[in-house]
Amino acid sequence: SENKIEYQDYGLSHGTVTALIDGTKYEITSLRKDVKTDGRFAQVEYTNNWEDDVLRRDFSMNAIYVSVSGDIYDSVNGIQDIQNQQISFIGEVTKRIQEDYLRILRFYRFLGIFRTPKYNQEDFKIISNNFGKIRNFVSKNKVRKEIFKMLQTPFSINSFLARADQNRNIIESLEKRWIEDKYKIGLEILDTCKKIINDKKY
């Protein structure tokens with residue numbers, strides 16, 4: 001309040017405060033460790049250990065920290081991976097996915113932030129083989145929001161053309177399910193994605 005910074009505290013129960021500075025949102029989050037996960041949400045405890053928090057993260061690029069004094073903590077080489085356009089899971093891929101199946105869609109979204117993304121092919125097989133389980137753990141509304149975020153990335157076609165389950169791309173896979181569910185608002189955003197695919201434009 002002394003610096004007159006606006007903030008949002010809707011994530012306070014999870015240890016997160018969002019600061020609004022010059023129109024940009026900065027999420028400031030306490031260090032945590034997972035106690036229990038259920039495929040979507042985690043029960044957490046607060047910690048003072050950087051490595052505890054690292055081990056609950058999905059990708060190396062999301063485990064780069066800066067202390068109050070400005071020191072960078074990057075124990076899993078997230079900065080190097082960003083420079084190399086590499087998407088790297090932290091730890092064992094299947095375990096990371098089973099903790100939160102939304103991470104599958106986050107992987108596809110991050111394909112769109114790089115012009116020529118790189119990733120481990122074995123990791124990708126596990127991701128695509130588990131794609132169908134998203135339906136059981138992640139709400140359609142949350143999936144739709146992730147697709148919308150993909151539309152905002154500079155190279156979104158990388159996300160939309162990547163194979164998912166049964167050798168279909170993610171749009172084809174989601175469309176089949178959302179037609180069955182009669183999820184109209186979701187099908188509308190998929191139509192926008194298909195136009196990008198058809199135009200082959202970034």
# chains A, B, ... in the order shown; residues from 1 in each chain; ligands from 1
>>> select_by_dssp(residues="chain A", states="strand (DSSP E or B)", output="PDB file with N, CA, C and O atoms, in the first residue's frame")
ATOM      1  N   GLU A   6      -1.810  -1.529  -6.932  1.00  0.00           N
ATOM      2  CA  GLU A   6      -3.082  -2.238  -6.879  1.00  0.00           C
ATOM      3  C   GLU A   6      -2.807  -3.736  -6.819  1.00  0.00           C
ATOM      4  O   GLU A   6      -1.808  -4.220  -7.358  1.00  0.00           O
ATOM      5  N   TYR A   7      -3.707  -4.469  -6.166  1.00  0.00           N
ATOM      6  CA  TYR A   7      -3.499  -5.906  -6.080  1.00  0.00           C
ATOM      7  C   TYR A   7      -4.841  -6.630  -6.041  1.00  0.00           C
ATOM      8  O   TYR A   7      -5.882  -6.046  -5.737  1.00  0.00           O
ATOM      9  N   GLN A   8      -4.783  -7.904  -6.395  1.00  0.00           N
ATOM     10  CA  GLN A   8      -5.951  -8.777  -6.326  1.00  0.00           C
ATOM     11  C   GLN A   8      -5.593  -9.933  -5.410  1.00  0.00           C
ATOM     12  O   GLN A   8      -4.512 -10.524  -5.545  1.00  0.00           O
ATOM     13  N   THR A  16      -1.194 -16.858  -3.049  1.00  0.00           N
ATOM     14  CA  THR A  16      -0.837 -16.021  -4.195  1.00  0.00           C
ATOM     15  C   THR A  16      -1.543 -14.669  -4.136  1.00  0.00           C
ATOM     16  O   THR A  16      -2.746 -14.595  -3.878  1.00  0.00           O
ATOM     17  N   VAL A  17      -0.782 -13.618  -4.379  1.00  0.00           N
ATOM     18  CA  VAL A  17      -1.329 -12.270  -4.517  1.00  0.00           C
ATOM     19  C   VAL A  17      -0.918 -11.762  -5.893  1.00  0.00           C
ATOM     20  O   VAL A  17       0.227 -11.945  -6.312  1.00  0.00           O
ATOM     21  N   THR A  18      -1.845 -11.132  -6.609  1.00  0.00           N
ATOM     22  CA  THR A  18      -1.558 -10.606  -7.933  1.00  0.00           C
ATOM     23  C   THR A  18      -1.409  -9.094  -7.860  1.00  0.00           C
ATOM     24  O   THR A  18      -2.349  -8.388  -7.492  1.00  0.00           O
ATOM     25  N   ALA A  19      -0.223  -8.609  -8.194  1.00  0.00           N
ATOM     26  CA  ALA A  19       0.041  -7.165  -8.198  1.00  0.00           C
ATOM     27  C   ALA A  19      -0.186  -6.613  -9.595  1.00  0.00           C
ATOM     28  O   ALA A  19       0.157  -7.257 -10.595  1.00  0.00           O
ATOM     29  N   LEU A  20      -0.802  -5.420  -9.690  1.00  0.00           N
ATOM     30  CA  LEU A  20      -1.061  -4.771 -10.975  1.00  0.00           C
ATOM     31  C   LEU A  20      -0.151  -3.550 -11.083  1.00  0.00           C
ATOM     32  O   LEU A  20      -0.331  -2.562 -10.380  1.00  0.00           O
ATOM     33  N   ILE A  21       0.847  -3.646 -11.966  1.00  0.00           N
ATOM     34  CA  ILE A  21       1.834  -2.577 -12.117  1.00  0.00           C
ATOM     35  C   ILE A  21       1.902  -2.163 -13.582  1.00  0.00           C
ATOM     36  O   ILE A  21       2.240  -2.975 -14.446  1.00  0.00           O
ATOM     37  N   THR A  24       0.283  -4.453 -16.086  1.00  0.00           N
ATOM     38  CA  THR A  24       0.761  -5.835 -16.161  1.00  0.00           C
ATOM     39  C   THR A  24       0.507  -6.544 -14.835  1.00  0.00           C
ATOM     40  O   THR A  24       0.697  -5.963 -13.769  1.00  0.00           O
ATOM     41  N   LYS A  25       0.074  -7.814 -14.911  1.00  0.00           N
ATOM     42  CA  LYS A  25      -0.178  -8.603 -13.711  1.00  0.00           C
ATOM     43  C   LYS A  25       1.063  -9.400 -13.326  1.00  0.00           C
ATOM     44  O   LYS A  25       1.692 -10.041 -14.164  1.00  0.00           O
ATOM     45  N   TYR A  26       1.412  -9.340 -12.032  1.00  0.00           N
ATOM     46  CA  TYR A  26       2.523 -10.114 -11.497  1.00  0.00           C
ATOM     47  C   TYR A  26       1.985 -10.981 -10.361  1.00  0.00           C
ATOM     48  O   TYR A  26       1.514 -10.451  -9.356  1.00  0.00           O
ATOM     49  N   GLU A  27       2.060 -12.295 -10.521  1.00  0.00           N
ATOM     50  CA  GLU A  27       1.609 -13.191  -9.469  1.00  0.00           C
ATOM     51  C   GLU A  27       2.765 -13.475  -8.515  1.00  0.00           C
ATOM     52  O   GLU A  27       3.813 -13.974  -8.918  1.00  0.00           O
ATOM     53  N   ILE A  28       2.575 -13.130  -7.261  1.00  0.00           N
ATOM     54  CA  ILE A  28       3.585 -13.317  -6.229  1.00  0.00           C
ATOM     55  C   ILE A  28       3.107 -14.457  -5.337  1.00  0.00           C
ATOM     56  O   ILE A  28       2.064 -14.355  -4.684  1.00  0.00           O
ATOM     57  N   THR A  29       3.870 -15.544  -5.341  1.00  0.00           N
ATOM     58  CA  THR A  29       3.394 -16.769  -4.713  1.00  0.00           C
ATOM     59  C   THR A  29       4.354 -17.266  -3.640  1.00  0.00           C
ATOM     60  O   THR A  29       5.570 -17.228  -3.822  1.00  0.00           O
ATOM     61  N   ARG A  32       5.668 -23.511  -1.716  1.00  0.00           N
ATOM     62  CA  ARG A  32       4.763 -24.542  -1.223  1.00  0.00           C
ATOM     63  C   ARG A  32       5.294 -25.921  -1.564  1.00  0.00           C
ATOM     64  O   ARG A  32       6.157 -26.073  -2.419  1.00  0.00           O
ATOM     65  N   LYS A  33       4.736 -26.928  -0.923  1.00  0.00           N
ATOM     66  CA  LYS A  33       4.990 -28.311  -1.322  1.00  0.00           C
ATOM     67  C   LYS A  33       3.664 -29.057  -1.302  1.00  0.00           C
ATOM     68  O   LYS A  33       2.774 -28.748  -0.493  1.00  0.00           O
ATOM     69  N   ASP A  34       3.517 -30.005  -2.217  1.00  0.00           N
ATOM     70  CA  ASP A  34       2.277 -30.763  -2.305  1.00  0.00           C
ATOM     71  C   ASP A  34       2.206 -31.809  -1.208  1.00  0.00           C
ATOM     72  O   ASP A  34       3.176 -32.520  -0.936  1.00  0.00           O
ATOM     73  N   VAL A  35       1.042 -31.900  -0.588  1.00  0.00           N
ATOM     74  CA  VAL A  35       0.788 -32.931   0.406  1.00  0.00           C
ATOM     75  C   VAL A  35      -0.042 -34.043  -0.225  1.00  0.00           C
ATOM     76  O   VAL A  35       0.197 -35.233  -0.012  1.00  0.00           O
ATOM     77  N   LYS A  36      -1.003 -33.630  -1.068  1.00  0.00           N
ATOM     78  CA  LYS A  36      -1.894 -34.597  -1.704  1.00  0.00           C
ATOM     79  C   LYS A  36      -2.410 -33.996  -3.007  1.00  0.00           C
ATOM     80  O   LYS A  36      -2.698 -32.803  -3.077  1.00  0.00           O
ATOM     81  N   THR A  37      -2.512 -34.813  -4.061  1.00  0.00           N
ATOM     82  CA  THR A  37      -3.061 -34.372  -5.346  1.00  0.00           C
ATOM     83  C   THR A  37      -4.149 -35.344  -5.781  1.00  0.00           C
ATOM     84  O   THR A  37      -4.163 -36.512  -5.371  1.00  0.00           O
ATOM     85  N   GLY A  39      -5.442 -35.310  -9.300  1.00  0.00           N
ATOM     86  CA  GLY A  39      -5.600 -35.260 -10.751  1.00  0.00           C
ATOM     87  C   GLY A  39      -5.967 -33.881 -11.254  1.00  0.00           C
ATOM     88  O   GLY A  39      -5.973 -33.634 -12.462  1.00  0.00           O
ATOM     89  N   ALA A  42      -4.368 -29.616  -5.717  1.00  0.00           N
ATOM     90  CA  ALA A  42      -3.413 -30.114  -4.727  1.00  0.00           C
ATOM     91  C   ALA A  42      -3.692 -29.520  -3.355  1.00  0.00           C
ATOM     92  O   ALA A  42      -4.082 -28.366  -3.231  1.00  0.00           O
ATOM     93  N   GLN A  43      -3.482 -30.352  -2.335  1.00  0.00           N
ATOM     94  CA  GLN A  43      -3.464 -29.861  -0.963  1.00  0.00           C
ATOM     95  C   GLN A  43      -2.003 -29.533  -0.660  1.00  0.00           C
ATOM     96  O   GLN A  43      -1.115 -30.364  -0.876  1.00  0.00           O
ATOM     97  N   VAL A  44      -1.748 -28.304  -0.211  1.00  0.00           N
ATOM     98  CA  VAL A  44      -0.360 -27.863  -0.066  1.00  0.00           C
ATOM     99  C   VAL A  44      -0.041 -27.431   1.357  1.00  0.00           C
ATOM    100  O   VAL A  44      -0.932 -27.149   2.160  1.00  0.00           O
ATOM    101  N   GLU A  45       1.249 -27.397   1.636  1.00  0.00           N
ATOM    102  CA  GLU A  45       1.770 -26.814   2.858  1.00  0.00           C
ATOM    103  C   GLU A  45       2.797 -25.755   2.458  1.00  0.00           C
ATOM    104  O   GLU A  45       3.485 -25.900   1.448  1.00  0.00           O
ATOM    105  N   TYR A  46       2.898 -24.703   3.246  1.00  0.00           N
ATOM    106  CA  TYR A  46       3.892 -23.671   2.967  1.00  0.00           C
ATOM    107  C   TYR A  46       5.257 -24.126   3.442  1.00  0.00           C
ATOM    108  O   TYR A  46       5.380 -24.913   4.391  1.00  0.00           O
ATOM    109  N   PHE A  59       6.904 -27.652 -15.535  1.00  0.00           N
ATOM    110  CA  PHE A  59       7.975 -27.518 -16.511  1.00  0.00           C
ATOM    111  C   PHE A  59       9.095 -26.638 -15.967  1.00  0.00           C
ATOM    112  O   PHE A  59       8.858 -25.754 -15.146  1.00  0.00           O
ATOM    113  N   TYR A  65      12.866 -18.625 -10.170  1.00  0.00           N
ATOM    114  CA  TYR A  65      12.445 -17.799  -9.054  1.00  0.00           C
ATOM    115  C   TYR A  65      13.348 -16.580  -8.907  1.00  0.00           C
ATOM    116  O   TYR A  65      14.513 -16.609  -9.289  1.00  0.00           O
ATOM    117  N   VAL A  66      12.786 -15.545  -8.342  1.00  0.00           N
ATOM    118  CA  VAL A  66      13.601 -14.382  -7.975  1.00  0.00           C
ATOM    119  C   VAL A  66      13.270 -14.029  -6.527  1.00  0.00           C
ATOM    120  O   VAL A  66      12.102 -13.973  -6.133  1.00  0.00           O
ATOM    121  N   ILE A  72      18.416 -14.797  -8.578  1.00  0.00           N
ATOM    122  CA  ILE A  72      17.720 -15.770  -9.408  1.00  0.00           C
ATOM    123  C   ILE A  72      18.009 -17.180  -8.895  1.00  0.00           C
ATOM    124  O   ILE A  72      19.158 -17.531  -8.617  1.00  0.00           O
ATOM    125  N   TYR A  73      16.950 -17.982  -8.772  1.00  0.00           N
ATOM    126  CA  TYR A  73      17.096 -19.383  -8.380  1.00  0.00           C
ATOM    127  C   TYR A  73      16.526 -20.227  -9.521  1.00  0.00           C
ATOM    128  O   TYR A  73      15.348 -20.151  -9.830  1.00  0.00           O
ATOM    129  N   GLN A  86      13.067 -25.276 -25.512  1.00  0.00           N
ATOM    130  CA  GLN A  86      12.879 -26.646 -25.036  1.00  0.00           C
ATOM    131  C   GLN A  86      11.802 -26.681 -23.952  1.00  0.00           C
ATOM    132  O   GLN A  86      11.841 -25.899 -23.001  1.00  0.00           O
ATOM    133  N   ILE A  87      10.846 -27.602 -24.091  1.00  0.00           N
ATOM    134  CA  ILE A  87       9.824 -27.806 -23.071  1.00  0.00           C
ATOM    135  C   ILE A  87      10.199 -29.060 -22.294  1.00  0.00           C
ATOM    136  O   ILE A  87      10.136 -30.166 -22.827  1.00  0.00           O
ATOM    137  N   PHE A  89       9.729 -31.377 -18.776  1.00  0.00           N
ATOM    138  CA  PHE A  89       9.042 -31.678 -17.529  1.00  0.00           C
ATOM    139  C   PHE A  89      10.052 -31.760 -16.393  1.00  0.00           C
ATOM    140  O   PHE A  89      11.212 -32.110 -16.597  1.00  0.00           O
ATOM    141  N   ASP A 100      -2.026 -33.450 -12.028  1.00  0.00           N
ATOM    142  CA  ASP A 100      -2.927 -32.426 -12.575  1.00  0.00           C
ATOM    143  C   ASP A 100      -2.991 -32.599 -14.094  1.00  0.00           C
ATOM    144  O   ASP A 100      -2.051 -32.248 -14.802  1.00  0.00           O
ATOM    145  N   LYS A 118      11.044 -27.657 -28.935  1.00  0.00           N
ATOM    146  CA  LYS A 118      11.689 -28.964 -28.808  1.00  0.00           C
ATOM    147  C   LYS A 118      11.160 -29.647 -27.552  1.00  0.00           C
ATOM    148  O   LYS A 118      10.835 -28.992 -26.565  1.00  0.00           O
ATOM    149  N   TYR A 119      11.100 -30.967 -27.598  1.00  0.00           N
ATOM    150  CA  TYR A 119      10.641 -31.734 -26.443  1.00  0.00           C
ATOM    151  C   TYR A 119      11.081 -33.174 -26.621  1.00  0.00           C
ATOM    152  O   TYR A 119      11.433 -33.614 -27.721  1.00  0.00           O
ATOM    153  N   ARG A 163      -0.143 -33.717 -32.583  1.00  0.00           N
ATOM    154  CA  ARG A 163      -0.993 -34.901 -32.425  1.00  0.00           C
ATOM    155  C   ARG A 163      -1.446 -35.070 -30.976  1.00  0.00           C
ATOM    156  O   ARG A 163      -0.717 -34.779 -30.026  1.00  0.00           O
ATOM    157  N   ASN A 169      -5.310 -34.304 -34.031  1.00  0.00           N
ATOM    158  CA  ASN A 169      -4.773 -33.135 -33.343  1.00  0.00           C
ATOM    159  C   ASN A 169      -5.729 -32.766 -32.204  1.00  0.00           C
ATOM    160  O   ASN A 169      -6.825 -33.322 -32.091  1.00  0.00           O
TER     161      ASN A 169
END
>>> select_by_dssp(residues="segment 122-185 of chain A", states="alpha helix (DSSP H)", output="number ranges by chain")
A: 122-129, 134-137, 140-151, 157-161, 170-181, 184-185
>>> atom_distance(atom1="atom CA of Glu188 of chain A", atom2="atom CA of Leu102 of chain A")
20.7 Å
>>> atom_distance(atom1="atom CA of Asn129 of chain A", atom2="atom CA of Ala164 of chain A")
7.4 Å
>>> closest_residue(among="A:Ile82, A:Phe137, A:Lys125, A:Asp74", to="Arg103 of chain A", atoms="only C-alpha atoms")
A:Phe137
>>> closest_residue(among="A:Thr94, A:Ser69, A:Asn120, A:Thr192", to="Phe148 of chain A", atoms="only C-alpha atoms")
A:Thr192
>>> atom_distance(atom1="atom CA of Arg168 of chain A", atom2="atom CA of Pro154 of chain A")
22.4 Å
>>> closest_residue(among="A:Thr153, A:Asn49, A:Ser159, A:Asn167", to="Leu31 of chain A", atoms="only C-alpha atoms")
A:Asn49
>>> closest_residue(among="A:Asn48, A:Gln85, A:Ser67, A:Asn130", to="Gln166 of chain A", atoms="only C-alpha atoms")
A:Asn130
>>> residues_around(residues="Met150 of chain A", least_positions_apart="3", cutoff="9 Å", atoms="only C-alpha atoms", output="MDAnalysis selection string")
chainID A and resid 106 108:113 145:147 153:157 159:160
>>> closest_residue(among="A:Arg56, A:Arg135, A:Arg177, A:Arg115", to="Glu99 of chain A", atoms="only C-alpha atoms")
A:Arg56
